Amino acid sequence: MPGRTISFHPDDRYAAFLRTIPEAPCGDGRLAAVPVAVKDNISTAGIETTCASRILEGYVPPYDATVVERLKKAGAAIVGKTNMDEFGMGTTTENSAFWPTKNPVDPSRVPGGSSGGSAAAVAAGLVPLALGTDTGGSIRCPAAFCGIVGLKPTYGRVSRYGLIAYANSLEQIGPMARTVADVNLLMEVIAGHDPRDSTSRDCPYHHAPDPEIRGVRIGVPEEFFGEGVDPRVASVVWDAISLLERKGAEVITCRMPSMAYALAAYYVTCTSEASSNLARFDGVRYGPPADTKKPWHEAFQERRREGFGEEVRRRIMLGTFALSSGYYGKYYAKAQAARNNVRADFERLFREVDVLAGPTMPTVAFRFGEKSDPLSMYLSDILTVPANLAGVPAISVPCGKVEGLPVGLQVMGRWMEDERVVDVAYAFEQGGSA
Amino acid sequence: MITERDTEHIGQLADIAIHREELALFTSRFNEILEYFDILDTVEAVKEEEERSYNILREDEVVPSLSQEEALANTTGPEEGFFRAPRVM
C-alpha cells in the first residue's frame with residue numbers, strides 16, 4: 001500500500017540514535033510495518049548517513065544499500081540511523097564524533113561497539129530489529145554487553161553494497177534482535193546474492209531454527225578461556241556449554257594456537273585496508289568541503305585533521321605505516337600469513353567438531369572511559385576477531401550475568417553454516433529442559 | 001622505535017595533519033601498538049589454504065547508475081557539472 005507510514009517517537013534516553021524518522025514509510029511483506037534501526041555506516045537513500053564522523057556530516061546517500069532495499073521490499077520501516085564508533089573503529093561507541101551511547105542495562109557503562117547504537121536501541125525496546133556491521137566483533141560485542149542476540153554472517157552471505165567500507169575483507173552486515181528467532185528472520189530478509197558486491201555468494205538463507213542439539217560436537221578452544229578473560233565470565237560461559245552438553249551435545253576441548261597472533265594480524269589488516277578505503281574522504285565529493293584555494297595536500301590534510309577523530313587518524317596512519325615500503329614485509333605480509341594460519345586452525349578444528357564455543361567478550365561491559373589507551377581497547381577484541389579473519393559465521397547469545405551485567409556465549413561455525421550457529425544459539429536460548 | 005619526526009612523516013603520507021601538541025602522545029601510542037605487533041615475527045606460514053574470498057567479476061556492460069545531478073548532490077559548489085577540487089599546481 002503506497003504512502004503508508006508508521007510514527008516513531010522513541011524515548012531515546014540511552015542516545016542510541018543519531019537521527020530518527022518520525023513518519024517512516026513502510027509496506028507489505030514479511031516485515032510489514034516492523035520498525036528496523038540501521039547502523040549509520042549503511043547507506044539509506046534520502047536519509048543522512050555519517051558513519052558517526054564529522055567528515056560525512058550532511059552526506060545524504062543518493063541510493064540504498066542492498067540490505068536496505070531488501071528491508072523495504074519486505075515492508076519494514078527504516079525508523080532511524082544508529083550511533084556507532086566513528087567508521088566502526090572502536091569497541092565502546094565512545095569513538096562516535098557526536099555522543100556516546102549508554103548501555104540500557106546499566107547507563108554508567110558502555111553498550112559495546114562499534115554497533116552500540118543498534119544494540120542499545122534493541123535492548124531498550126525501541127525497535128525489535130536492527131542492522132549492525134561486524135569487522136572484528138562489532139555486532140557480537142555490543143550484543144553481548146547489552147544482553148541481546150547478534151549474528152556475524154559468513155563473509156559473502158550478505159551484500160556489502162552500500163556499506164561504507166572500513167576494512168572490506170573482514171566486514172559483514174548482520175542482524176541484531178532480542179531473540180534468536182528474530183535474528184533468524186532478519187537474516188532471511190537480508191541474505192542472498194547481489195551482483196553489485198563482487199564478493200557476494202549465491203547462497204540464500206532460508207531456515208527454521210531447530211533446537212535439537214543431540215550429537216552436535218562443540219569444540220571449546222582453551223585459548224578462549226586464557227589470560228585476560230574474567231574468571232566470572234568464563235564460569236558463566238562454561239555453565240552455558242554444560243547446559244548444551246546436558247541437552248545432548250558432545251563437548252570437546254581443543255587448541256587454537258594461532259590465537260597467539262590473531263589480534264595483531266587483525267589490526268594490521270584492518271588498519272591497512274582503512275588507510276586505503278578512507279582515502280576517499282577529502283572534502284571534494286561529500287561532507288564539509290576542503291578549502292579549494294589552498295594547495296591539494298594542504299587542503300586535504302587540514303580537512304582530514306578536522307574531520308576525523310583521533311582513533312580514525314591513528315588507524316589510517318598505522319595502516320599507512322604497515323603498507324609502506326620497508327615495513328610491508330614485517331607487518332602486512334606477516335599478518336596475511338597469520339590470517340592464513342587462523343583460517344587453517346578453523347579448518348582443522350571443523351574436521352573434528354561442528355561448532356566452536358566460548359565467551360564473546362573477555363569481560364562484561366566497561367565503564368565509560370575505562371579503556372582509555374588504544375592498545376587495551378584493541379586487546380578486548382581478542383575473542384571476536386578470529387571469525388572475521390577466517391570469514392566464518394559467529395553468533396553471540398545472552399547466557400547469564402555477572403553482577404547484573406550480561407555475558408554472551410559465542411558460537412562459531414563452518415563457512416556458510418550460519419544455520420548451524422543459529423541452531424546452537426537457539427538450543428541454548430530454549431533453555432534447560434535437558 | 002618510531003620518532004616524532006616519523007609520526008609527522010607518516011601523517012603527511014596519509015594526508016593527515018597532526019597538531020604539534022598531539023605528536024608526543026600519538027608517537028608513544030604508536031610505539032606501544034607496534035611493539036605488540038612484533039608478535040607477528042613469530043608467525044611461520046603453514047600450507048596455503050584455499051582462498052575463499054575472491055572477486056566474482058561480471059561482463060563489462062553498461063548498467064543504470066547515478067545521474068550527474070545525483071553524483072554532484074553532496075558536493076559543495078560544483079562548477080559546470082564538475083566537482084571542484086583544491087589546486088594541484
# chains A, B, ... in the order shown; residues from 1 in each chain; ligands from 1
$ select_by_dssp --residues "region 96-257 of chain A" --states "helix (DSSP H, G or I)" --output "JSON, numbers by chain"
{"A": [116, 117, 118, 119, 120, 121, 122, 123, 140, 141, 142, 143, 144, 145, 146, 180, 181, 182, 183, 184, 185, 186, 187, 188, 189, 190, 222, 223, 224, 225, 231, 232, 233, 234, 235, 236, 237, 238, 239, 240, 241, 242, 243, 244, 245, 246]}
$ write_last_selection --atoms "C-alpha atoms" --output "tab-separated table (two decimals), in the first residue's frame"
chain	number	residue	atom	x	y	z
A	116	GLY	CA	26.48	0.15	20.09
A	117	GLY	CA	23.55	2.28	18.95
A	118	SER	CA	21.85	-0.65	17.24
A	119	ALA	CA	22.35	-2.88	20.30
A	120	ALA	CA	21.08	-0.21	22.71
A	121	ALA	CA	18.02	0.52	20.53
A	122	VAL	CA	17.11	-3.17	20.57
A	123	ALA	CA	17.95	-3.73	24.25
A	140	ARG	CA	28.77	-9.56	18.74
A	141	CYS	CA	30.46	-7.30	21.30
A	142	PRO	CA	27.53	-4.89	21.76
A	143	ALA	CA	25.09	-7.80	21.60
A	144	ALA	CA	26.98	-9.43	24.50
A	145	PHE	CA	27.29	-6.20	26.51
A	146	CYS	CA	23.61	-5.27	26.09
A	180	VAL	CA	17.40	-15.94	18.05
A	181	ALA	CA	14.15	-16.35	16.08
A	182	ASP	CA	14.11	-12.62	15.26
A	183	VAL	CA	17.79	-12.65	14.27
A	184	ASN	CA	16.98	-15.59	12.01
A	185	LEU	CA	14.03	-13.73	10.46
A	186	LEU	CA	16.09	-10.63	9.74
A	187	MET	CA	18.88	-12.80	8.31
A	188	GLU	CA	16.38	-14.41	5.94
A	189	VAL	CA	15.41	-10.97	4.66
A	190	ILE	CA	18.92	-9.51	4.17
A	222	GLU	CA	41.38	-23.42	25.61
A	223	GLU	CA	42.65	-20.10	24.33
A	224	PHE	CA	39.13	-18.66	24.66
A	225	PHE	CA	39.45	-19.04	28.42
A	231	PRO	CA	37.03	-15.86	35.53
A	232	ARG	CA	33.44	-14.93	36.39
A	233	VAL	CA	32.64	-14.55	32.68
A	234	ALA	CA	34.43	-17.83	31.96
A	235	SER	CA	32.37	-19.58	34.63
A	236	VAL	CA	29.03	-18.31	33.22
A	237	VAL	CA	30.04	-19.41	29.73
A	238	TRP	CA	31.16	-22.85	30.93
A	239	ASP	CA	27.76	-23.25	32.63
A	240	ALA	CA	26.11	-22.45	29.28
A	241	ILE	CA	28.25	-25.01	27.47
A	242	SER	CA	27.44	-27.57	30.17
A	243	LEU	CA	23.76	-26.94	29.59
A	244	LEU	CA	24.21	-27.74	25.91
A	245	GLU	CA	26.08	-30.88	26.92
A	246	ARG	CA	23.21	-31.95	29.19
$ closest_atom_pairs --of "chain B" --to "chain A" --cutoff "9 Å" --atoms "only C-alpha atoms" --output "Markdown table"
| residue | atom | partner | partner_atom | distance |
| --- | --- | --- | --- | --- |
| B:Thr7 | CA | A:Met317 | CA | 8.3 |
| B:Ile10 | CA | A:Met317 | CA | 6.2 |
| B:Gly11 | CA | A:Met317 | CA | 6.2 |
| B:Gln12 | CA | A:Gln301 | CA | 7.5 |
| B:Leu13 | CA | A:Thr320 | CA | 7.4 |
| B:Ala14 | CA | A:Met317 | CA | 6.2 |
| B:Asp15 | CA | A:Gln301 | CA | 4.8 |
| B:Ile16 | CA | A:Gln301 | CA | 4.6 |
| B:Ala17 | CA | A:Gln301 | CA | 4.9 |
| B:Ile18 | CA | A:Arg305 | CA | 6.9 |
| B:His19 | CA | A:Arg305 | CA | 8.5 |
| B:Phe26 | CA | A:Arg314 | CA | 7.5 |
| B:Arg29 | CA | A:Pro374 | CA | 7.4 |
| B:Phe30 | CA | A:Leu318 | CA | 7.5 |
| B:Glu32 | CA | A:Leu375 | CA | 7.3 |
| B:Ile33 | CA | A:Leu375 | CA | 6.1 |
| B:Leu34 | CA | A:Leu318 | CA | 8.6 |
| B:Tyr36 | CA | A:Ala264 | CA | 7.1 |
| B:Phe37 | CA | A:Ala264 | CA | 5.3 |
| B:Asp38 | CA | A:Ala264 | CA | 8.3 |
| B:Ile39 | CA | A:Tyr261 | CA | 6.1 |
| B:Leu40 | CA | A:Lys334 | CA | 6.1 |
| B:Asp41 | CA | A:Lys330 | CA | 7.2 |
| B:Thr42 | CA | A:Tyr261 | CA | 8.4 |
| B:Val43 | CA | A:Ala338 | CA | 6.1 |
| B:Glu44 | CA | A:Ala337 | CA | 7.5 |
| B:Ala45 | CA | A:Ala337 | CA | 5.3 |
| B:Val46 | CA | A:Asn341 | CA | 6.1 |
| B:Lys47 | CA | A:Ala344 | CA | 8.2 |
| B:Glu48 | CA | A:Asn340 | CA | 7.0 |
| B:Glu49 | CA | A:Ala344 | CA | 6.5 |
| B:Glu51 | CA | A:Asn340 | CA | 8.8 |
| B:Arg52 | CA | A:Gly391 | CA | 8.4 |
| B:Ser53 | CA | A:Thr199 | CA | 6.5 |
| B:Tyr54 | CA | A:Thr199 | CA | 6.1 |
| B:Asn55 | CA | A:Ser198 | CA | 5.0 |
| B:Ile56 | CA | A:Ser198 | CA | 4.9 |
| B:Leu57 | CA | A:Ser198 | CA | 6.2 |
| B:Arg58 | CA | A:Pro195 | CA | 7.9 |
| B:Leu66 | CA | A:Pro62 | CA | 7.8 |
| B:Glu70 | CA | A:Pro62 | CA | 6.2 |
| B:Ala71 | CA | A:Pro62 | CA | 7.6 |
| B:Leu72 | CA | A:Arg285 | CA | 7.1 |
| B:Ala73 | CA | A:Pro62 | CA | 8.0 |
| B:Asn74 | CA | A:Tyr286 | CA | 4.9 |
| B:Thr75 | CA | A:Arg285 | CA | 4.7 |
| B:Thr76 | CA | A:Pro289 | CA | 6.1 |
| B:Gly77 | CA | A:Pro289 | CA | 9.0 |
| B:Phe83 | CA | A:Val284 | CA | 6.7 |
| B:Arg84 | CA | A:Val284 | CA | 6.6 |
| B:Ala85 | CA | A:Thr292 | CA | 5.6 |
| B:Pro86 | CA | A:Thr292 | CA | 3.7 |
| B:Arg87 | CA | A:Pro295 | CA | 5.3 |
| B:Val88 | CA | A:Trp296 | CA | 5.3 |
| B:Met89 | CA | A:Pro295 | CA | 7.4 |
$ atom_distance --atom1 "CA of Gly215 (chain A)" --atom2 "CA of Gln410 (chain A)"
19.1 Å
$ select_by_dssp --residues "region 117-263 of chain A" --states "strand (DSSP E)" --output "compact mmCIF listing (two decimals) with C-alpha atoms, in the first residue's frame"
# COMPACT_ATOMS: atom_id res chain seq x y z
CA LEU A 129 15.26 -5.50 14.93
CA ALA A 130 18.42 -3.66 13.95
CA LEU A 131 21.23 -3.96 11.46
CA GLY A 132 24.80 -3.80 12.64
CA THR A 133 28.12 -4.40 10.95
CA ASP A 134 30.92 -6.60 12.23
CA VAL A 149 21.48 -11.66 20.11
CA GLY A 150 23.74 -10.69 17.20
CA LEU A 151 24.97 -12.66 14.19
CA LYS A 152 28.03 -12.01 12.06
CA GLN A 172 29.80 -8.10 7.13
CA ILE A 173 26.38 -6.60 7.77
CA GLY A 174 24.32 -8.71 10.16
CA PRO A 175 21.11 -8.92 12.20
CA MET A 176 20.62 -7.92 15.86
CA ALA A 177 17.49 -8.67 17.92
CA ARG A 217 30.06 -31.72 18.54
CA ILE A 218 31.03 -28.47 20.28
CA GLY A 219 34.72 -27.63 20.36
CA VAL A 220 35.91 -25.37 23.17
CA PRO A 221 39.33 -23.83 22.43
CA GLU A 250 29.26 -33.57 22.78
CA VAL A 251 31.78 -31.12 24.24
CA ILE A 252 35.41 -31.44 23.21
CA THR A 253 38.19 -29.17 24.44
CA CYS A 254 40.72 -28.22 21.78
$ residues_around --residues "region 66-70 of chain A" --least-positions-apart "4" --cutoff "8 Å" --atoms "only C-alpha atoms" --output "list in words"
Ser43, Thr44, Ala74, Val158, Ser159, Arg160, Tyr161, Gly162, Val189, Ile190, Ala191 and Asp194 of chain A
$ residues_around --residues "region 26-38 of chain A" --least-positions-apart "5" --cutoff "8 Å" --atoms "only C-alpha atoms" --output "VMD selection string"
chain A and resid 1 to 6 71 to 82 118 121 127 to 132
$ write_last_selection --atoms "C-alpha atoms" --output "PDB file, in the first residue's frame"
ATOM      1  CA  MET A   1       0.000   0.000   0.000  1.00  0.00           C
ATOM      2  CA  PRO A   2       1.919   3.083  -1.138  1.00  0.00           C
ATOM      3  CA  GLY A   3       2.013   6.068   1.174  1.00  0.00           C
ATOM      4  CA  ARG A   4       1.671   4.091   4.411  1.00  0.00           C
ATOM      5  CA  THR A   5       3.888   5.186   7.301  1.00  0.00           C
ATOM      6  CA  ILE A   6       4.400   4.383  10.957  1.00  0.00           C
ATOM      7  CA  LEU A  71      14.210  -4.476   4.130  1.00  0.00           C
ATOM      8  CA  LYS A  72      11.939  -2.081   2.249  1.00  0.00           C
ATOM      9  CA  LYS A  73      10.844  -4.826  -0.105  1.00  0.00           C
ATOM     10  CA  ALA A  74       9.871  -6.882   2.944  1.00  0.00           C
ATOM     11  CA  GLY A  75       7.701  -3.983   4.162  1.00  0.00           C
ATOM     12  CA  ALA A  76       9.958  -2.846   7.021  1.00  0.00           C
ATOM     13  CA  ALA A  77      10.006   0.759   8.212  1.00  0.00           C
ATOM     14  CA  ILE A  78      13.511   2.251   8.454  1.00  0.00           C
ATOM     15  CA  VAL A  79      12.938   4.314  11.588  1.00  0.00           C
ATOM     16  CA  GLY A  80      16.402   5.668  12.271  1.00  0.00           C
ATOM     17  CA  LYS A  81      20.155   5.572  11.989  1.00  0.00           C
ATOM     18  CA  THR A  82      22.069   4.344  14.997  1.00  0.00           C
ATOM     19  CA  SER A 118      21.849  -0.651  17.244  1.00  0.00           C
ATOM     20  CA  ALA A 121      18.020   0.518  20.534  1.00  0.00           C
ATOM     21  CA  VAL A 127      12.903  -1.451  17.945  1.00  0.00           C
ATOM     22  CA  PRO A 128      12.629  -5.232  17.673  1.00  0.00           C
ATOM     23  CA  LEU A 129      15.255  -5.496  14.925  1.00  0.00           C
ATOM     24  CA  ALA A 130      18.417  -3.658  13.953  1.00  0.00           C
ATOM     25  CA  LEU A 131      21.232  -3.957  11.459  1.00  0.00           C
ATOM     26  CA  GLY A 132      24.803  -3.802  12.640  1.00  0.00           C
TER      27      GLY A 132
END
$ closest_residue --among "B:Glu8, B:Met1, B:Phe82, B:Glu59" --to "Asn31 (chain B)" --atoms "only C-alpha atoms"
B:Met1
